[in-house]
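Structure file upload-v2.cif; described as mmCIF, C-alpha atoms, pLDDT in the B column; chains and numbers go by the auth columns.
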```
data_protein
#
loop_
_atom_site.group_PDB
_atom_site.id
_atom_site.type_symbol
_atom_site.label_atom_id
_atom_site.label_comp_id
_atom_site.label_asym_id
_atom_site.label_seq_id
_atom_site.Cartn_x
_atom_site.Cartn_y
_atom_site.Cartn_z
_atom_site.B_iso_or_equiv
_atom_site.auth_seq_id
_atom_site.auth_asym_id
ATOM 1 C CA MET A 1 0.000 0.000 0.000 48.00 1 A
ATOM 2 C CA PRO A 2 1.433 3.409 -0.953 49.00 2 A
ATOM 3 C CA THR A 3 2.226 5.758 1.875 58.00 3 A
ATOM 4 C CA THR A 4 1.488 9.449 2.186 69.00 4 A
ATOM 5 C CA ILE A 5 4.072 11.628 0.451 80.00 5 A
ATOM 6 C CA SER A 6 5.577 14.241 2.719 90.00 6 A
ATOM 7 C CA LEU A 7 6.719 16.743 0.058 94.00 7 A
ATOM 8 C CA ALA A 8 5.906 17.266 -3.610 97.00 8 A
ATOM 9 C CA ASP A 9 6.927 19.953 -6.069 98.00 9 A
ATOM 10 C CA THR A 10 4.582 21.977 -8.237 98.00 10 A
ATOM 11 C CA ALA A 11 5.019 24.362 -11.141 98.00 11 A
ATOM 12 C CA THR A 12 2.737 26.144 -13.578 98.00 12 A
ATOM 13 C CA VAL A 13 3.480 26.650 -17.282 97.00 13 A
ATOM 14 C CA THR A 14 1.702 28.970 -19.701 97.00 14 A
ATOM 15 C CA THR A 15 0.161 27.036 -22.616 97.00 15 A
ATOM 16 C CA PRO A 16 -2.068 27.998 -25.556 96.00 16 A
ATOM 17 C CA ILE A 17 -5.037 26.616 -23.568 95.00 17 A
ATOM 18 C CA GLY A 18 -4.139 28.494 -20.404 96.00 18 A
ATOM 19 C CA PRO A 19 -2.052 27.761 -17.312 98.00 19 A
ATOM 20 C CA PHE A 20 -1.023 24.121 -16.860 98.00 20 A
ATOM 21 C CA THR A 21 0.048 22.981 -13.405 98.00 21 A
ATOM 22 C CA ALA A 22 1.714 19.721 -12.429 98.00 22 A
ATOM 23 C CA VAL A 23 2.428 18.157 -9.039 98.00 23 A
ATOM 24 C CA VAL A 24 5.332 15.698 -8.926 98.00 24 A
ATOM 25 C CA ASP A 25 6.768 13.489 -6.210 96.00 25 A
ATOM 26 C CA ALA A 26 10.440 13.250 -5.214 93.00 26 A
ATOM 27 C CA ASP A 27 11.043 10.680 -7.980 94.00 27 A
ATOM 28 C CA GLY A 28 9.690 13.059 -10.629 95.00 28 A
ATOM 29 C CA ALA A 29 6.471 11.103 -11.170 97.00 29 A
ATOM 30 C CA VAL A 30 3.372 13.159 -11.941 98.00 30 A
ATOM 31 C CA LEU A 31 0.782 12.852 -9.167 98.00 31 A
ATOM 32 C CA ALA A 32 -1.668 15.292 -10.742 98.00 32 A
ATOM 33 C CA SER A 33 -1.768 17.752 -13.609 98.00 33 A
ATOM 34 C CA GLY A 34 -4.167 19.879 -15.590 98.00 34 A
ATOM 35 C CA TRP A 35 -5.043 23.212 -17.159 97.00 35 A
ATOM 36 C CA THR A 36 -5.369 25.295 -14.029 97.00 36 A
ATOM 37 C CA GLY A 37 -3.286 27.735 -12.061 96.00 37 A
ATOM 38 C CA ASP A 38 -4.886 26.558 -8.814 96.00 38 A
ATOM 39 C CA VAL A 39 -2.835 23.719 -7.328 96.00 39 A
ATOM 40 C CA SER A 40 -5.543 22.937 -4.751 95.00 40 A
ATOM 41 C CA THR A 41 -7.765 21.838 -7.646 94.00 41 A
ATOM 42 C CA LEU A 42 -5.127 19.206 -8.377 96.00 42 A
ATOM 43 C CA THR A 43 -4.247 18.105 -4.862 95.00 43 A
ATOM 44 C CA SER A 44 -7.903 17.351 -4.196 94.00 44 A
ATOM 45 C CA VAL A 45 -7.897 14.651 -6.922 95.00 45 A
ATOM 46 C CA ILE A 46 -4.706 12.916 -5.756 96.00 46 A
ATOM 47 C CA HIS A 47 -5.502 9.636 -4.009 94.00 47 A
ATOM 48 C CA PRO A 48 -5.310 10.184 -0.217 94.00 48 A
ATOM 49 C CA THR A 49 -2.437 7.694 0.123 93.00 49 A
ATOM 50 C CA LEU A 50 -0.378 9.733 -2.356 95.00 50 A
ATOM 51 C CA ARG A 51 -1.512 13.231 -1.392 95.00 51 A
ATOM 52 C CA PRO A 52 1.508 15.282 -0.315 95.00 52 A
ATOM 53 C CA ALA A 53 1.561 16.786 3.147 93.00 53 A
ATOM 54 C CA GLU A 54 3.476 19.792 1.823 95.00 54 A
ATOM 55 C CA LEU A 55 3.907 21.451 -1.579 96.00 55 A
ATOM 56 C CA ARG A 56 6.950 23.348 -2.763 97.00 56 A
ATOM 57 C CA GLN A 57 6.461 25.852 -5.600 97.00 57 A
ATOM 58 C CA ARG A 58 9.132 25.671 -8.300 97.00 58 A
ATOM 59 C CA ASP A 59 9.820 27.595 -11.488 97.00 59 A
ATOM 60 C CA SER A 60 10.421 24.310 -13.299 97.00 60 A
ATOM 61 C CA LEU A 61 9.934 20.604 -12.727 98.00 61 A
ATOM 62 C CA GLY A 62 12.761 19.699 -15.098 97.00 62 A
ATOM 63 C CA ALA A 63 11.766 16.941 -17.527 98.00 63 A
ATOM 64 C CA VAL A 64 8.062 17.339 -16.685 98.00 64 A
ATOM 65 C CA THR A 65 8.029 21.065 -17.488 98.00 65 A
ATOM 66 C CA THR A 66 10.039 20.441 -20.657 98.00 66 A
ATOM 67 C CA ALA A 67 7.554 17.758 -21.749 98.00 67 A
ATOM 68 C CA ILE A 68 4.576 20.058 -21.127 98.00 68 A
ATOM 69 C CA THR A 69 6.167 22.881 -23.125 98.00 69 A
ATOM 70 C CA ASP A 70 7.353 20.612 -25.940 98.00 70 A
ATOM 71 C CA TYR A 71 3.989 18.866 -26.240 98.00 71 A
ATOM 72 C CA HIS A 72 2.097 22.157 -26.566 97.00 72 A
ATOM 73 C CA ALA A 73 4.709 23.338 -29.104 97.00 73 A
ATOM 74 C CA GLY A 74 4.046 20.310 -31.313 97.00 74 A
ATOM 75 C CA ASP A 75 6.158 17.382 -30.016 98.00 75 A
ATOM 76 C CA LEU A 76 3.207 15.109 -29.307 97.00 76 A
ATOM 77 C CA THR A 77 5.410 12.297 -27.952 96.00 77 A
ATOM 78 C CA ALA A 78 7.177 14.505 -25.381 97.00 78 A
ATOM 79 C CA ILE A 79 4.779 13.338 -22.641 97.00 79 A
ATOM 80 C CA ASP A 80 5.200 9.605 -23.294 96.00 80 A
ATOM 81 C CA GLY A 81 8.273 8.948 -21.144 95.00 81 A
ATOM 82 C CA ILE A 82 7.182 10.932 -18.093 98.00 82 A
ATOM 83 C CA PRO A 83 6.354 8.651 -15.149 98.00 83 A
ATOM 84 C CA VAL A 84 2.941 8.925 -13.525 97.00 84 A
ATOM 85 C CA ARG A 85 1.942 7.725 -10.064 97.00 85 A
ATOM 86 C CA GLN A 86 -1.747 7.194 -9.298 96.00 86 A
ATOM 87 C CA HIS A 87 -3.455 4.816 -6.904 93.00 87 A
ATOM 88 C CA SER A 88 -6.788 3.062 -7.145 91.00 88 A
ATOM 89 C CA GLY A 89 -8.244 -0.363 -7.797 89.00 89 A
ATOM 90 C CA GLU A 90 -6.804 -2.850 -10.243 91.00 90 A
ATOM 91 C CA PHE A 91 -9.121 -1.939 -13.137 91.00 91 A
ATOM 92 C CA LEU A 92 -8.468 1.808 -12.954 92.00 92 A
ATOM 93 C CA LEU A 93 -4.700 1.350 -12.713 94.00 93 A
ATOM 94 C CA HIS A 94 -4.775 -0.916 -15.766 94.00 94 A
ATOM 95 C CA ALA A 95 -7.124 1.415 -17.646 95.00 95 A
ATOM 96 C CA TRP A 96 -4.780 4.361 -17.058 96.00 96 A
ATOM 97 C CA GLU A 97 -1.860 2.303 -18.405 96.00 97 A
ATOM 98 C CA VAL A 98 -3.952 1.487 -21.480 96.00 98 A
ATOM 99 C CA LEU A 99 -4.727 5.193 -22.006 96.00 99 A
ATOM 100 C CA ARG A 100 -1.019 5.972 -22.069 96.00 100 A
ATOM 101 C CA LYS A 101 -0.723 3.707 -25.130 96.00 101 A
ATOM 102 C CA VAL A 102 -3.421 5.451 -27.200 96.00 102 A
ATOM 103 C CA PRO A 103 -1.426 7.292 -29.877 96.00 103 A
ATOM 104 C CA ALA A 104 -1.820 11.015 -30.441 96.00 104 A
ATOM 105 C CA GLY A 105 -4.062 11.699 -33.411 95.00 105 A
ATOM 106 C CA GLU A 106 -5.856 8.347 -33.080 96.00 106 A
ATOM 107 C CA PRO A 107 -8.717 8.938 -30.623 96.00 107 A
ATOM 108 C CA ILE A 108 -10.849 5.975 -29.566 95.00 108 A
ATOM 109 C CA THR A 109 -14.390 5.638 -28.262 94.00 109 A
ATOM 110 C CA TYR A 110 -15.275 4.814 -24.678 93.00 110 A
ATOM 111 C CA THR A 111 -16.473 1.422 -25.954 94.00 111 A
ATOM 112 C CA GLU A 112 -13.130 0.769 -27.678 95.00 112 A
ATOM 113 C CA PHE A 113 -11.314 1.897 -24.533 95.00 113 A
ATOM 114 C CA ALA A 114 -13.347 -0.548 -22.420 94.00 114 A
ATOM 115 C CA GLY A 115 -12.362 -3.346 -24.795 95.00 115 A
ATOM 116 C CA LEU A 116 -8.679 -2.394 -24.751 95.00 116 A
ATOM 117 C CA ALA A 117 -8.837 -2.336 -20.952 92.00 117 A
ATOM 118 C CA GLY A 118 -10.121 -5.916 -20.985 92.00 118 A
ATOM 119 C CA ARG A 119 -13.741 -5.230 -20.026 91.00 119 A
ATOM 120 C CA PRO A 120 -15.638 -4.671 -23.286 91.00 120 A
ATOM 121 C CA ALA A 121 -19.022 -4.490 -21.563 91.00 121 A
ATOM 122 C CA ALA A 122 -17.793 -1.916 -19.037 87.00 122 A
ATOM 123 C CA THR A 123 -18.146 1.307 -21.006 90.00 123 A
ATOM 124 C CA ARG A 124 -19.234 3.225 -17.897 91.00 124 A
ATOM 125 C CA ALA A 125 -16.210 1.938 -15.974 90.00 125 A
ATOM 126 C CA ALA A 126 -13.986 3.123 -18.828 90.00 126 A
ATOM 127 C CA ALA A 127 -15.636 6.551 -18.711 91.00 127 A
ATOM 128 C CA SER A 128 -15.111 6.571 -14.942 92.00 128 A
ATOM 129 C CA ALA A 129 -11.400 5.860 -15.466 93.00 129 A
ATOM 130 C CA CYS A 130 -11.211 9.002 -17.596 94.00 130 A
ATOM 131 C CA ALA A 131 -13.167 11.052 -15.065 94.00 131 A
ATOM 132 C CA ARG A 132 -10.994 9.883 -12.149 95.00 132 A
ATOM 133 C CA ASN A 133 -7.663 10.403 -13.931 96.00 133 A
ATOM 134 C CA ALA A 134 -5.628 12.915 -11.913 97.00 134 A
ATOM 135 C CA ALA A 135 -2.733 13.172 -14.395 98.00 135 A
ATOM 136 C CA ALA A 136 -4.306 14.908 -17.394 97.00 136 A
ATOM 137 C CA LEU A 137 -2.155 15.095 -20.516 98.00 137 A
ATOM 138 C CA PHE A 138 0.288 12.436 -19.255 98.00 138 A
ATOM 139 C CA VAL A 139 -2.593 9.944 -19.073 98.00 139 A
ATOM 140 C CA PRO A 140 -4.352 11.284 -22.181 97.00 140 A
ATOM 141 C CA CYS A 141 -8.016 10.780 -21.376 96.00 141 A
ATOM 142 C CA HIS A 142 -8.767 13.562 -23.872 97.00 142 A
ATOM 143 C CA ARG A 143 -8.189 10.928 -26.597 97.00 143 A
ATOM 144 C CA VAL A 144 -11.425 9.110 -25.692 96.00 144 A
ATOM 145 C CA LEU A 145 -14.655 10.133 -27.437 94.00 145 A
ATOM 146 C CA ARG A 146 -18.285 9.092 -27.501 92.00 146 A
ATOM 147 C CA ILE A 147 -19.523 6.893 -30.327 86.00 147 A
ATOM 148 C CA GLY A 148 -20.104 9.122 -33.327 86.00 148 A
ATOM 149 C CA GLY A 149 -17.252 11.452 -32.381 83.00 149 A
ATOM 150 C CA ALA A 150 -18.986 13.587 -29.729 88.00 150 A
ATOM 151 C CA LEU A 151 -16.459 14.887 -27.245 91.00 151 A
ATOM 152 C CA GLY A 152 -18.050 13.541 -24.064 87.00 152 A
ATOM 153 C CA GLY A 153 -16.789 15.111 -20.863 87.00 153 A
ATOM 154 C CA PHE A 154 -13.434 16.534 -19.820 93.00 154 A
ATOM 155 C CA ARG A 155 -12.489 17.932 -16.402 93.00 155 A
ATOM 156 C CA TRP A 156 -10.681 20.855 -18.045 95.00 156 A
ATOM 157 C CA GLY A 157 -13.537 21.798 -20.385 94.00 157 A
ATOM 158 C CA LEU A 158 -14.633 20.800 -23.849 94.00 158 A
ATOM 159 C CA ASP A 159 -12.813 23.745 -25.458 95.00 159 A
ATOM 160 C CA ALA A 160 -9.542 22.384 -24.052 96.00 160 A
ATOM 161 C CA LYS A 161 -10.382 18.844 -25.212 96.00 161 A
ATOM 162 C CA ARG A 162 -11.191 20.112 -28.733 96.00 162 A
ATOM 163 C CA TRP A 163 -7.906 22.086 -28.819 97.00 163 A
ATOM 164 C CA LEU A 164 -5.931 19.002 -27.770 97.00 164 A
ATOM 165 C CA LEU A 165 -7.592 16.766 -30.360 97.00 165 A
ATOM 166 C CA ASP A 166 -7.091 19.383 -33.104 97.00 166 A
ATOM 167 C CA HIS A 167 -3.456 19.838 -31.987 97.00 167 A
ATOM 168 C CA GLU A 168 -2.877 16.092 -32.229 97.00 168 A
ATOM 169 C CA GLY A 169 -4.786 15.693 -35.495 93.00 169 A
#
```

Just give me the structure as structure tokens.
Amino acid sequence: MPTTISLADTATVTTPIGPFTAVVDADGAVLASGWTGDVSTLTSVIHPTLRPAELRQRDSLGAVTTAITDYHAGDLTAIDGIPVRQHSGEFLLHAWEVLRKVPAGEPITYTEFAGLAGRPAATRAAASACARNAAALFVPCHRVLRIGGALGGFRWGLDAKRWLLDHEG
């Protein structure tokens, strides 16, 4: 069982969609990230066993900040090698790993995602995996759409999701 993290670092980067903040642990793994300048929005979605007791504001998170900047500038694979640390049940952990393998520019439906995650009848569980993902961008839940191409939901807003899909297309 993971233990509570005593200290994590956070930094905010300006992107074409707006401010993007990431929270990383001492190993450089992303605990939470998204298009917000409010770090408390992110810490609230970190699993309690991983939630840091203290945050340290930084100008840069090294490789994580570089990946965020490079991705938004057009290097769509810049995010692929960044480690992510989330905690939940077995299905969600597996589903998040599956999401990390969905290539940029090749969005899938929630039904396809459920199948790739090994539970083809569990479309709602697949949608829940997207909704509960704390590490936006690095676990690219924006690449999952409704049947017929409708955007579905996105914690950071449908305008951001559309921008990301257009950027990757």

### Query
So how many Å separate atom CA of A:Thr21 and atom CA of A:Gly157, to one decimal?
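That distance, rounded to one decimal, is 15.3 Å.
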
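Restricting the calculation to all atoms listed in the file, the smallest distance between A:Gly148 and any of A:Leu93, A:Ala22, A:Leu76, A:Ile108 is found for A:Ile108.
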
### Query
Once the PyMOL selection byres ((chain A and resi 49-66) around 10) has been applied to the shown file, what residues remain in the selection, as number ranges by chain?
A: 1-13, 20-25, 28-32, 39, 42-48, 67-71, 78-79, 81-83, 85-88, 138

### Message
For a test of reading the model, state the distance in Å between atom CA of A:Tyr110 and atom CA of A:Ile147, rounded to one decimal.
### Response
7.4 Å

#### Entry: Explicit residues for the PyMOL selection byres ((chain A and resi 104) around 10) (as a PyMOL selection string)
chain A and resi 76-77+100-103+105-107+140+142-143+164-165+167-169

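Counting all atoms listed in the file and comparing A:Gly89, A:Gly18, A:Gly153, A:Gly37, the residue that lies closest to A:His72 is A:Gly18.
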
### Query
Pick from A:Leu151, A:Val139, A:Leu158, A:Ile17: nearest to A:Trp96, with only C-alpha atoms counted?
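Selected residue with least distance to A:Trp96: A:Val139.
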